[in-house]
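File shown: model.csv (CSV, C-alpha atoms).
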chain,number,residue,atom,x,y,z
A,131,MET,CA,12.1,-17.5,7.9
A,132,GLY,CA,10.8,-14.5,6.1
A,133,LEU,CA,12.9,-11.6,4.9
A,134,THR,CA,11.3,-9.2,7.4
A,135,SER,CA,11.5,-11.7,10.3
A,136,ASN,CA,13.2,-10.5,13.5
A,137,LYS,CA,14.8,-13.9,13.7
A,138,VAL,CA,16.6,-13.4,10.4
A,139,LEU,CA,17.8,-10.0,11.5
A,140,ALA,CA,19.0,-11.4,14.9
A,141,LEU,CA,20.8,-14.2,13.0
A,142,ALA,CA,22.5,-11.7,10.7
A,143,ILE,CA,23.7,-9.6,13.6
A,144,MET,CA,25.0,-12.7,15.5
A,145,VAL,CA,27.0,-13.9,12.4
A,146,ALA,CA,28.5,-10.4,12.0
A,147,VAL,CA,29.5,-10.3,15.7
A,148,LEU,CA,31.0,-13.8,15.5
A,149,LEU,CA,33.0,-13.0,12.3
A,150,PHE,CA,34.3,-9.8,13.9
A,151,ALA,CA,35.4,-11.7,17.0
A,152,ALA,CA,37.0,-14.4,14.8
A,153,THR,CA,38.9,-11.8,12.8
A,154,VAL,CA,40.3,-10.2,16.0
A,155,TRP,CA,41.2,-13.7,17.4
A,156,LEU,CA,42.8,-15.1,14.2
A,157,TRP,CA,44.5,-12.0,12.9
A,158,PRO,CA,47.9,-12.6,14.7
A,159,ARG,CA,48.0,-16.1,13.3
A,160,LEU,CA,47.4,-14.8,9.8
A,161,SER,CA,50.1,-12.1,10.0
A,162,ARG,CA,52.6,-14.1,8.0
A,163,ARG,CA,53.3,-13.4,4.3
A,164,SER,CA,52.4,-16.8,3.0
A,165,TRP,CA,49.7,-17.1,0.4
A,166,ARG,CA,47.5,-19.0,2.9
A,167,ALA,CA,47.8,-16.3,5.5
A,168,VAL,CA,47.0,-13.5,2.9
A,169,THR,CA,44.1,-15.5,1.6
A,170,GLY,CA,42.8,-16.0,5.1
A,171,ARG,CA,43.0,-12.3,5.9
A,172,ILE,CA,41.1,-11.4,2.7
A,173,GLY,CA,38.5,-14.0,3.4
A,174,LEU,CA,37.9,-12.9,6.9
A,175,LEU,CA,37.6,-9.2,5.9
A,176,LEU,CA,35.2,-9.9,3.1
A,177,ALA,CA,33.1,-12.3,5.2
A,178,THR,CA,32.9,-9.8,8.1
A,179,GLN,CA,32.0,-6.9,5.8
A,180,LEU,CA,29.4,-8.9,4.0
A,181,ALA,CA,27.8,-10.0,7.3
A,182,LEU,CA,27.9,-6.4,8.5
A,183,PHE,CA,26.3,-5.0,5.4
A,184,SER,CA,23.7,-7.7,5.4
A,185,ALA,CA,22.7,-6.9,9.0
A,186,VAL,CA,22.5,-3.2,8.3
A,187,GLY,CA,20.5,-3.9,5.1
A,188,LEU,CA,18.0,-6.1,6.9
A,189,ALA,CA,17.6,-3.6,9.7
A,190,ALA,CA,16.9,-0.8,7.1
A,191,ASN,CA,14.5,-3.1,5.2
A,192,ASN,CA,12.6,-4.0,8.4
A,193,SER,CA,12.2,-0.3,9.1
A,194,PHE,CA,11.2,0.9,5.6
A,195,LEU,CA,10.1,-2.4,4.1
A,196,PHE,CA,11.6,-1.8,0.7
A,197,TYR,CA,11.0,-5.5,0.0
A,198,GLY,CA,8.3,-7.6,1.7
A,199,SER,CA,9.7,-11.1,1.0
A,200,TRP,CA,12.7,-13.0,-0.4
A,201,SER,CA,10.9,-13.4,-3.8
A,202,ASP,CA,10.3,-9.7,-3.8
A,203,LEU,CA,14.0,-9.0,-3.1
A,204,PHE,CA,15.1,-11.3,-6.0
A,205,GLY,CA,12.5,-9.9,-8.4
A,206,GLN,CA,10.2,-12.9,-8.5
A,207,GLU,CA,6.4,-12.7,-8.6
A,208,GLN,CA,5.1,-13.9,-5.3
A,209,ASP,CA,1.4,-14.2,-6.1
A,210,MET,CA,0.6,-17.7,-7.2
A,211,GLY,CA,-1.7,-18.0,-10.2
A,212,VAL,CA,-5.3,-18.8,-9.3
A,213,VAL,CA,-7.6,-20.5,-11.7
A,214,VAL,CA,-11.0,-18.6,-11.7
A,215,ASP,CA,-13.9,-20.2,-13.6
A,216,HIS,CA,-15.7,-17.2,-14.9
A,217,SER,CA,-18.7,-19.2,-16.3
A,218,ALA,CA,-19.3,-21.5,-13.3
A,219,SER,CA,-20.5,-19.2,-10.5
A,220,GLY,CA,-20.2,-15.7,-11.8
A,221,LYS,CA,-18.5,-14.7,-8.5
A,222,ARG,CA,-16.1,-11.7,-8.8
A,223,VAL,CA,-14.1,-12.5,-5.6
A,224,LYS,CA,-12.3,-15.7,-4.9
A,225,ILE,CA,-11.0,-16.1,-1.3
A,226,VAL,CA,-7.6,-17.9,-1.4
A,227,GLY,CA,-6.5,-17.5,2.2
A,228,LYS,CA,-7.2,-16.2,5.7
A,229,GLN,CA,-5.0,-14.9,8.5
A,230,MET,CA,-5.4,-13.5,11.9
A,231,LEU,CA,-4.2,-10.2,13.3
A,232,ASP,CA,-1.4,-9.9,15.9
A,233,VAL,CA,-3.7,-8.3,18.5
A,234,PRO,CA,-5.2,-9.5,21.8
A,235,GLY,CA,-7.8,-12.2,20.9
A,236,GLY,CA,-6.6,-12.2,17.3
A,237,SER,CA,-7.1,-15.9,17.0
A,238,ARG,CA,-10.9,-15.3,17.1
A,239,PRO,CA,-12.3,-13.2,14.3
A,240,ALA,CA,-15.0,-11.8,16.6
A,241,MET,CA,-12.3,-10.4,18.9
A,242,GLY,CA,-9.4,-9.5,16.5
A,243,GLY,CA,-11.0,-9.4,13.1
A,244,GLN,CA,-9.6,-11.2,10.1
A,245,ILE,CA,-7.5,-10.6,7.0
A,246,GLN,CA,-8.6,-12.5,3.8
A,247,LYS,CA,-6.4,-12.8,0.8
A,248,ILE,CA,-8.6,-12.7,-2.3
A,249,VAL,CA,-8.5,-12.4,-6.1
A,250,VAL,CA,-10.7,-9.8,-7.7
A,251,VAL,CA,-12.1,-10.6,-11.2
A,252,GLY,CA,-12.7,-7.4,-13.1
A,253,GLU,CA,-16.0,-7.7,-15.0
A,254,LYS,CA,-15.5,-4.7,-17.3
A,255,SER,CA,-11.8,-4.2,-17.2
A,256,LYS,CA,-11.0,-7.9,-17.7
A,257,ILE,CA,-8.2,-7.5,-15.0
A,258,ASP,CA,-7.7,-10.1,-12.3
A,259,SER,CA,-5.8,-8.8,-9.3
A,260,PRO,CA,-4.9,-10.1,-5.8
A,261,ALA,CA,-5.9,-8.1,-2.7
A,262,TYR,CA,-6.1,-8.3,1.0
A,263,VAL,CA,-9.4,-7.5,2.8
A,264,TYR,CA,-9.4,-6.5,6.5
A,265,LEU,CA,-12.7,-7.3,8.2
A,266,PRO,CA,-13.1,-5.7,11.7
A,267,PRO,CA,-14.2,-7.8,14.7
A,268,GLU,CA,-17.7,-6.3,14.5
A,269,TYR,CA,-18.2,-7.9,11.1
A,270,PHE,CA,-18.2,-11.4,12.9
A,271,GLN,CA,-20.3,-10.4,15.9
A,272,PRO,CA,-23.9,-11.6,16.0
A,273,LYS,CA,-25.3,-8.1,16.9
A,274,TYR,CA,-23.9,-6.7,13.7
A,275,GLU,CA,-24.8,-9.6,11.4
A,276,LYS,CA,-27.3,-7.5,9.4
A,277,ARG,CA,-25.3,-4.3,9.4
A,278,THR,CA,-23.3,-3.0,6.4
A,279,PHE,CA,-19.9,-1.4,6.9
A,280,PRO,CA,-18.1,1.4,5.2
A,281,ALA,CA,-15.1,0.4,3.1
A,282,SER,CA,-11.9,2.0,1.9
A,283,VAL,CA,-9.6,0.9,-0.9
A,284,VAL,CA,-6.0,1.3,0.3
A,285,LEU,CA,-3.1,1.4,-2.3
A,286,THR,CA,0.6,1.2,-1.7
A,287,GLY,CA,3.1,3.1,-3.9
A,288,TYR,CA,4.8,1.8,-7.1
A,289,PRO,CA,6.4,-0.7,-7.2
A,290,GLY,CA,5.4,-1.8,-3.7
A,291,THR,CA,3.5,-4.9,-2.8
A,292,ALA,CA,0.2,-5.2,-0.9
A,293,GLU,CA,2.1,-6.9,1.9
A,294,ASN,CA,3.7,-3.6,2.7
A,295,LEU,CA,0.3,-2.3,3.8
A,296,LEU,CA,0.0,-5.1,6.3
A,297,LYS,CA,3.6,-5.5,7.6
A,298,GLY,CA,5.3,-2.1,7.1
A,299,LEU,CA,2.4,0.4,7.3
A,300,LYS,CA,0.3,-1.8,9.6
A,301,TYR,CA,-3.1,-0.6,8.2
A,302,PRO,CA,-5.2,-3.5,9.7
A,303,ARG,CA,-3.6,-3.2,13.2
A,304,THR,CA,-4.0,0.6,13.1
A,305,ALA,CA,-7.6,0.4,12.1
A,306,PHE,CA,-8.2,-2.1,14.8
A,307,MET,CA,-6.7,0.0,17.5
A,308,GLN,CA,-8.3,3.2,16.3
A,309,ALA,CA,-11.7,1.6,16.4
A,310,LYS,CA,-11.1,0.0,19.8
A,311,ASP,CA,-10.1,3.4,21.2
A,312,GLY,CA,-13.3,4.9,19.8
A,313,LYS,CA,-11.5,7.2,17.3
A,314,MET,CA,-13.1,5.7,14.2
A,315,GLN,CA,-15.9,3.5,13.3
A,316,PRO,CA,-15.3,-0.1,12.3
A,317,MET,CA,-14.3,-0.1,8.6
A,318,ILE,CA,-13.4,-2.7,6.0
A,319,LEU,CA,-10.1,-2.1,4.2
A,320,VAL,CA,-9.4,-3.5,0.7
A,321,MET,CA,-5.6,-3.4,0.4
A,322,MET,CA,-3.8,-3.6,-3.0
A,323,ARG,CA,-0.9,-2.3,-5.0
A,324,PRO,CA,-1.7,0.0,-7.9
A,325,THR,CA,0.2,-2.2,-10.3
A,326,VAL,CA,-2.6,-4.5,-11.5
A,327,ALA,CA,-0.6,-5.2,-14.7
A,328,PRO,CA,2.9,-5.9,-13.4
A,329,PRO,CA,5.5,-4.8,-14.0
A,330,ARG,CA,4.0,-1.8,-15.8
A,331,ASP,CA,3.1,1.3,-13.8
A,332,THR,CA,-0.3,2.2,-15.3
A,333,GLU,CA,-0.8,5.2,-13.1
A,334,CYS,CA,-4.5,4.1,-12.7
A,335,VAL,CA,-5.2,5.1,-16.3
A,336,ASP,CA,-7.4,3.4,-18.9
A,337,ILE,CA,-4.7,2.9,-21.5
A,338,PRO,CA,-5.9,2.7,-25.1
A,339,GLY,CA,-5.4,-0.9,-26.2
A,340,GLY,CA,-3.9,-1.7,-22.8
A,341,PRO,CA,-4.9,-2.3,-19.2
A,342,GLN,CA,-8.1,-0.6,-18.1
A,343,THR,CA,-6.9,0.2,-14.6
A,344,GLU,CA,-9.2,3.1,-13.9
A,345,THR,CA,-12.2,1.0,-14.8
A,346,PHE,CA,-10.9,-1.7,-12.5
A,347,PHE,CA,-10.6,0.5,-9.5
A,348,ALA,CA,-13.6,2.8,-10.1
A,349,LYS,CA,-16.1,0.2,-11.3
A,350,ASP,CA,-15.1,-3.5,-11.0
A,351,LEU,CA,-13.5,-3.4,-7.5
A,352,PRO,CA,-16.3,-1.7,-5.6
A,353,LYS,CA,-18.9,-3.8,-7.3
A,354,ALA,CA,-17.1,-7.1,-6.6
A,355,ILE,CA,-16.5,-6.2,-2.9
A,356,SER,CA,-20.1,-5.0,-2.3
A,357,GLU,CA,-21.4,-8.3,-3.8
A,358,THR,CA,-19.2,-10.4,-1.6
A,359,TYR,CA,-19.1,-8.5,1.7
A,360,ARG,CA,-21.6,-6.4,3.6
A,361,VAL,CA,-20.6,-3.1,2.1
A,362,GLY,CA,-23.0,-0.5,0.6
A,363,THR,CA,-22.9,0.8,-2.9
A,364,LYS,CA,-23.4,4.5,-2.3
A,365,PRO,CA,-20.5,7.0,-2.4
A,366,GLU,CA,-20.8,7.7,1.3
A,367,ASN,CA,-20.1,4.0,1.8
A,368,TRP,CA,-16.7,4.1,0.0
A,369,GLY,CA,-13.4,5.8,0.5
A,370,PHE,CA,-10.0,5.6,-1.3
A,371,MET,CA,-6.6,6.2,0.2
A,372,GLY,CA,-2.9,5.5,-0.5
A,373,ASN,CA,0.6,6.7,-0.4
A,374,SER,CA,2.8,8.1,-3.2
A,375,THR,CA,1.5,6.6,-6.5
A,376,GLY,CA,-1.3,5.1,-4.5
A,377,GLY,CA,-2.1,8.5,-3.1
A,378,TYR,CA,-2.3,10.0,-6.6
A,379,CYS,CA,-4.5,7.2,-7.7
A,380,ALA,CA,-6.8,7.6,-4.7
A,381,LEU,CA,-7.3,11.3,-5.4
A,382,LYS,CA,-7.7,10.9,-9.1
A,383,ILE,CA,-10.2,8.0,-9.0
A,384,ALA,CA,-12.3,9.7,-6.3
A,385,MET,CA,-12.2,13.1,-8.2
A,386,HIS,CA,-13.4,11.6,-11.4
A,387,HIS,CA,-15.9,9.2,-9.9
A,388,PRO,CA,-17.7,11.1,-7.1
A,389,GLU,CA,-20.7,8.8,-7.8
A,390,GLN,CA,-18.7,5.9,-6.3
A,391,PHE,CA,-16.3,7.4,-3.7
A,392,GLY,CA,-17.3,10.0,-1.1
A,393,ALA,CA,-13.8,10.6,0.3
A,394,SER,CA,-10.2,10.1,-0.6
A,395,ALA,CA,-6.8,10.6,1.1
A,396,GLY,CA,-3.5,11.0,-0.7
A,397,LEU,CA,-0.4,10.6,1.5
A,398,SER,CA,2.6,12.2,-0.1
A,399,ALA,CA,0.7,12.2,-3.4
A,400,TYR,CA,1.7,13.8,-6.6
A,401,TYR,CA,-0.8,15.4,-8.9
A,402,LYS,CA,-0.2,14.3,-12.5
A,403,ALA,CA,0.5,11.0,-14.1
A,404,ALA,CA,4.2,10.0,-14.2
A,405,ASP,CA,5.8,9.6,-17.6
A,406,ASP,CA,8.9,7.4,-17.7
A,407,PRO,CA,10.1,4.0,-18.9
A,408,THR,CA,8.0,2.2,-16.2
A,409,THR,CA,4.8,3.7,-17.5
A,410,GLY,CA,5.3,3.5,-21.2
A,411,ASP,CA,2.9,5.5,-23.5
A,412,LEU,CA,-0.2,6.0,-21.3
A,413,PHE,CA,-2.3,8.2,-23.5
A,414,HIS,CA,-1.3,7.4,-27.1
A,415,GLY,CA,-1.3,11.0,-28.1
A,416,SER,CA,-4.6,12.0,-26.5
A,417,LYS,CA,-4.1,15.5,-25.0
A,418,LYS,CA,-7.5,15.3,-23.4
A,419,GLN,CA,-6.7,12.1,-21.5
A,420,LYS,CA,-3.3,13.4,-20.5
A,421,SER,CA,-4.8,16.7,-19.2
A,422,ARG,CA,-7.6,14.7,-17.3
A,423,ALA,CA,-4.8,12.8,-15.5
A,424,ASN,CA,-3.5,16.1,-14.2
A,425,LEU,CA,-5.4,16.7,-11.0
A,426,LEU,CA,-4.7,20.5,-10.9
A,427,TRP,CA,-5.9,20.8,-14.5
A,428,SER,CA,-9.0,18.8,-13.6
A,429,LEU,CA,-9.9,21.0,-10.7
A,430,ASP,CA,-9.7,24.1,-13.0
A,431,HIS,CA,-11.5,22.7,-16.0
A,432,LEU,CA,-13.9,19.9,-14.9
A,433,PRO,CA,-17.0,20.1,-12.6
A,434,GLN,CA,-16.1,19.3,-9.0
A,435,GLY,CA,-18.3,16.7,-7.4
A,436,LYS,CA,-19.4,16.4,-3.8
A,437,SER,CA,-16.2,14.8,-2.6
A,438,SER,CA,-13.9,15.2,0.4
A,439,PHE,CA,-10.1,15.2,-0.1
A,440,LEU,CA,-7.3,14.8,2.4
A,441,VAL,CA,-3.8,15.6,1.2
A,442,THR,CA,-0.5,15.4,3.2
A,443,THR,CA,2.9,17.0,2.9
A,444,SER,CA,5.7,18.4,5.0
A,445,LYS,CA,7.5,21.7,5.2
A,446,GLY,CA,10.8,19.9,4.9
A,447,GLY,CA,11.5,16.6,3.2
A,448,GLU,CA,8.7,16.3,0.8
A,449,ALA,CA,8.9,17.4,-2.8
A,450,ASN,CA,5.1,17.9,-3.1
A,451,LEU,CA,4.6,20.9,-0.8
A,452,LYS,CA,4.1,23.5,-3.6
A,453,SER,CA,1.7,21.3,-5.6
A,454,THR,CA,-0.2,20.3,-2.5
A,455,LEU,CA,-0.8,23.9,-1.6
A,456,ALA,CA,-2.0,24.5,-5.2
A,457,PHE,CA,-4.4,21.6,-5.0
A,458,ILE,CA,-5.8,22.9,-1.7
A,459,LYS,CA,-6.4,26.3,-3.3
A,460,LYS,CA,-8.2,24.9,-6.3
A,461,VAL,CA,-10.7,22.8,-4.5
A,462,LYS,CA,-14.1,24.5,-4.6
A,463,SER,CA,-17.6,23.8,-3.2
A,464,PRO,CA,-19.3,21.3,-3.3
A,465,ALA,CA,-16.0,19.5,-2.9
A,466,ARG,CA,-14.1,19.9,0.4
A,467,VAL,CA,-10.4,19.5,1.3
A,468,SER,CA,-8.4,18.9,4.4
A,469,SER,CA,-4.7,18.6,4.9
A,470,ILE,CA,-1.9,17.3,7.1
A,471,THR,CA,1.4,19.3,7.0
A,472,LEU,CA,4.3,17.9,9.0
A,473,ASP,CA,7.2,20.1,10.0
A,474,SER,CA,9.5,17.5,8.6
A,475,GLY,CA,9.1,14.2,7.0
A,476,GLY,CA,10.5,12.5,3.9
A,477,HIS,CA,8.9,10.3,1.2
A,478,ASN,CA,9.1,7.1,3.3
A,479,PHE,CA,7.4,4.7,5.6
A,480,ASN,CA,8.3,6.6,8.8
A,481,THR,CA,6.4,9.6,7.5
A,482,TRP,CA,3.3,7.6,6.4
A,483,ARG,CA,3.1,5.8,9.8
A,484,ARG,CA,2.7,9.2,11.4
A,485,GLU,CA,-0.1,10.2,9.0
A,486,ILE,CA,-2.1,6.9,8.7
A,487,PRO,CA,-3.8,7.1,12.1
A,488,PRO,CA,-5.3,10.6,11.6
A,489,ALA,CA,-6.0,9.8,8.0
A,490,LEU,CA,-8.0,6.7,8.9
A,491,THR,CA,-9.9,8.7,11.5
A,492,TRP,CA,-10.6,11.4,8.9
A,493,ILE,CA,-11.8,9.1,6.2
A,494,SER,CA,-13.9,7.1,8.6
A,495,GLY,CA,-15.6,10.3,9.8
A,496,ARG,CA,-16.7,11.1,6.2
A,497,LEU,CA,-18.2,7.7,5.5
A,498,SER,CA,-21.3,6.0,6.7
A,499,ALA,CA,-22.4,2.3,7.0
A,500,SER,CA,-25.8,2.6,5.3

Rewrite the structure of this file - the entire thing - as structure tokens.
Amino acid sequence: MGLTSNKVLALAIMVAVLLFAATVWLWPRLSRRSWRAVTGRIGLLLATQLALFSAVGLAANNSFLFYGSWSDLFGQEQDMGVVVDHSASGKRVKIVGKQMLDVPGGSRPAMGGQIQKIVVVGEKSKIDSPAYVYLPPEYFQPKYEKRTFPASVVLTGYPGTAENLLKGLKYPRTAFMQAKDGKMQPMILVMMRPTVAPPRDTECVDIPGGPQTETFFAKDLPKAISETYRVGTKPENWGFMGNSTGGYCALKIAMHHPEQFGASAGLSAYYKAADDPTTGDLFHGSKKQKSRANLLWSLDHLPQGKSSFLVTTSKGGEANLKSTLAFIKKVKSPARVSSITLDSGGHNFNTWRREIPPALTWISGRLSAS
């Protein structure tokens, strides 16, 4: 059973209740001062508290999805290595698994769509990274067999996993329901984490002598997906969105590459590259590259392309309110900017779940299929 399984949570709650009942029942029998009685009382108290904390922790994790699996919890890499023969076929995407959506008719791709687990081989960046691709039901329907679809890259925060986008933030299910209700057009989602060189947080930067993360997201990924799926290659065919670090990456990549991405959405984004032990030295002394990674500086000093930006914040709970307002003020034509400002909402999954449906509708409305 998986870490986020409701069965695991129910089992933990049941064990906590049984241990509590056992403690109440056995306490009178353990009231003597013998070493066995004292040991029994200590053991029951410790076991009951451990079970209680485990149940509370599992409930919190199911709500916020801090960890997506047992291996994630214990710090183990969960993505198995995949051997890709670069010389044999020249393919830049290797499909390694498929799964259905938990929606009505989800067992049939033409009814519920499909999620494919893939490995993307970076031609220029030399980075290979796993991803999940959501294909809407229309992708498998005969009447759409010659149609291309808009696509959006979706990034989680650091150090999150791509599974968070499926299980915790429910991007595929939300996109399915939004399209079914006529609120957005069918759209392909390419879901990843920004950490393509784990465990380092590269902040989507081309690091001198290190991972070329910006090149991977801006060049390799769109090309590989367009060569594999029915997705166009024009900027109006491509969007980019994410939360926290993923939101910063989405805004930065789209801002610096308007020739590739027509729209981007940053949920609870920050606006300059982090600089801490997880990132290491990103710029190797280059003030130019460090300034370029500051989005507010870029808006003031670099030409603004024909891009659409969506930024989100809250009046209470988010630390990015002031910088988000500054970002909005600095965006000039031909670029456009929209925003979502909640009355309250912290830097967490509950906030992003409130923002994802309108954000998907917004980005879908700024992309086209052809």

Point to revise | From A:Ser398, A:Thr278, A:Ser259, A:Gln315, residue lying nearest Thr358 (chain A) [only C-alpha atoms] | key: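 That would be A:Thr278, the residue with the smallest distance to Thr358 (chain A).
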
For a cutoff of 12 Å around the file-coordinate point (-20.7, -0.2, 0.6), which residues qualify once you count all atoms listed in the file? I'd like the result as a short mmCIF file (atom, residue, chain, number, x, y, z; two decimals) with C-alpha atoms, keeping the file's coordinate frame.
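Full text of result34.cif as output:
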data_model
loop_
_atom_site.label_atom_id
_atom_site.label_comp_id
_atom_site.auth_asym_id
_atom_site.auth_seq_id
_atom_site.Cartn_x
_atom_site.Cartn_y
_atom_site.Cartn_z
CA ARG A 277 -25.30 -4.30 9.40
CA THR A 278 -23.30 -3.00 6.40
CA PHE A 279 -19.90 -1.40 6.90
CA PRO A 280 -18.10 1.40 5.20
CA ALA A 281 -15.10 0.40 3.10
CA SER A 282 -11.90 2.00 1.90
CA VAL A 283 -9.60 0.90 -0.90
CA MET A 317 -14.30 -0.10 8.60
CA ILE A 318 -13.40 -2.70 6.00
CA LEU A 319 -10.10 -2.10 4.20
CA VAL A 320 -9.40 -3.50 0.70
CA LEU A 351 -13.50 -3.40 -7.50
CA PRO A 352 -16.30 -1.70 -5.60
CA LYS A 353 -18.90 -3.80 -7.30
CA ALA A 354 -17.10 -7.10 -6.60
CA ILE A 355 -16.50 -6.20 -2.90
CA SER A 356 -20.10 -5.00 -2.30
CA GLU A 357 -21.40 -8.30 -3.80
CA THR A 358 -19.20 -10.40 -1.60
CA TYR A 359 -19.10 -8.50 1.70
CA ARG A 360 -21.60 -6.40 3.60
CA VAL A 361 -20.60 -3.10 2.10
CA GLY A 362 -23.00 -0.50 0.60
CA THR A 363 -22.90 0.80 -2.90
CA LYS A 364 -23.40 4.50 -2.30
CA PRO A 365 -20.50 7.00 -2.40
CA GLU A 366 -20.80 7.70 1.30
CA ASN A 367 -20.10 4.00 1.80
CA TRP A 368 -16.70 4.10 0.00
CA GLY A 369 -13.40 5.80 0.50
CA GLN A 390 -18.70 5.90 -6.30
CA PHE A 391 -16.30 7.40 -3.70
CA GLY A 392 -17.30 10.00 -1.10
CA LEU A 497 -18.20 7.70 5.50
CA SER A 498 -21.30 6.00 6.70
CA ALA A 499 -22.40 2.30 7.00
CA SER A 500 -25.80 2.60 5.30
#

Exercise for review: Would you mind telling me which residue in A:Glu275, A:Asp311, A:Glu448, A:Asp331 lies nearest to Trp482 (chain A) when using only C-alpha atoms?
Suggested key: A:Glu448

**Study point:** Proximity to Lys254 (chain A) - best of A:Ala395, A:Ala185, A:Ala348, A:Leu451, all atoms listed in the file
**Key:**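 So, comparing all the options, the nearest one is A:Ala348.
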
Point to revise | Nearest to Val154 (chain A) by atom-to-atom distance, counting all atoms listed in the file, from A:Lys224, A:Arg171, A:Lys137, A:Arg330 | key: A:Arg171

Determine, for each residue of region 312-408 of chain A having at least one atom at most 10 Å from an atom of region 460-480 of chain A, the closest pair of atoms and their separation in Å to one decimal, counting only C-alpha atoms; order by chain and ascending number, as a tab-separated table.
residue	atom	partner	partner_atom	distance
A:Asn373	CA	A:His477	CA	9.2
A:Ser374	CA	A:His477	CA	7.8
A:Met385	CA	A:Ala465	CA	9.1
A:Pro388	CA	A:Ala465	CA	9.5
A:Gly392	CA	A:Ala465	CA	9.8
A:Ala393	CA	A:Arg466	CA	9.3
A:Ser394	CA	A:Val467	CA	9.6
A:Ala395	CA	A:Ser468	CA	9.1
A:Gly396	CA	A:Ser469	CA	9.5
A:Leu397	CA	A:Ile470	CA	8.9
A:Ser398	CA	A:His477	CA	6.7
A:Ala399	CA	A:His477	CA	9.6

Point to revise | Top pick for closest residue to Leu141 (chain A), considering A:Ser184, A:Ser161, A:Ser494, A:Thr408 and counting all atoms listed in the file | key: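 For Leu141 (chain A), the nearest of the candidates is A:Ser184.
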
**Study point:** CA of His414 (chain A) to CA of Glu333 (chain A), straight-line distance in Å
**Key:**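 Taking CA of Glu333 (chain A) as the start and CA of His414 (chain A) as the end point, the length is 14.2 Å.
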
Check your understanding: Of the residues A:Leu175, A:Val326, A:Leu285, A:Leu412, which is the one nearest to Phe346 (chain A), using only C-alpha atoms?
Key -> A:Val326

Practice item. Give me the residues within 9 Å of Thr345 (chain A) as a list of chain:residue names, counting only C-alpha atoms and dropping any in the same chain fewer than 2 places off. Key: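 Near Thr345 (chain A), the qualifying residues are A:Gly252, A:Lys254, A:Ser255, A:Cys334, A:Val335, A:Asp336, A:Gln342, A:Thr343, A:Phe347, A:Ala348, A:Lys349, A:Asp350, A:Leu351.
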
Check your understanding: So what do you get for CA of Tyr264 (chain A) versus CA of Gly236 (chain A), distance-wise?
Key -> 12.5 Å

Point to revise | Length of the CA of Gln246 (chain A) to CA of Leu299 (chain A) vector [Å] | key: 17.3 Å

If we count only C-alpha atoms and set the cut-off at 9 Å, which residues sit around Met230 (chain A), ignoring sequence neighbours fewer than 2 positions away in its own chain? Please answer as a PDB file with C-alpha atoms, in the frame of the given file.
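Listed below is the output, around.pdb:
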ATOM      1  CA  LYS A 228      -7.200 -16.200   5.700  1.00  0.00           C
ATOM      2  CA  ASP A 232      -1.400  -9.900  15.900  1.00  0.00           C
ATOM      3  CA  VAL A 233      -3.700  -8.300  18.500  1.00  0.00           C
ATOM      4  CA  GLY A 236      -6.600 -12.200  17.300  1.00  0.00           C
ATOM      5  CA  SER A 237      -7.100 -15.900  17.000  1.00  0.00           C
ATOM      6  CA  ARG A 238     -10.900 -15.300  17.100  1.00  0.00           C
ATOM      7  CA  PRO A 239     -12.300 -13.200  14.300  1.00  0.00           C
ATOM      8  CA  GLY A 242      -9.400  -9.500  16.500  1.00  0.00           C
ATOM      9  CA  GLY A 243     -11.000  -9.400  13.100  1.00  0.00           C
ATOM     10  CA  GLN A 244      -9.600 -11.200  10.100  1.00  0.00           C
ATOM     11  CA  ILE A 245      -7.500 -10.600   7.000  1.00  0.00           C
ATOM     12  CA  GLN A 246      -8.600 -12.500   3.800  1.00  0.00           C
TER      13      GLN A 246
END
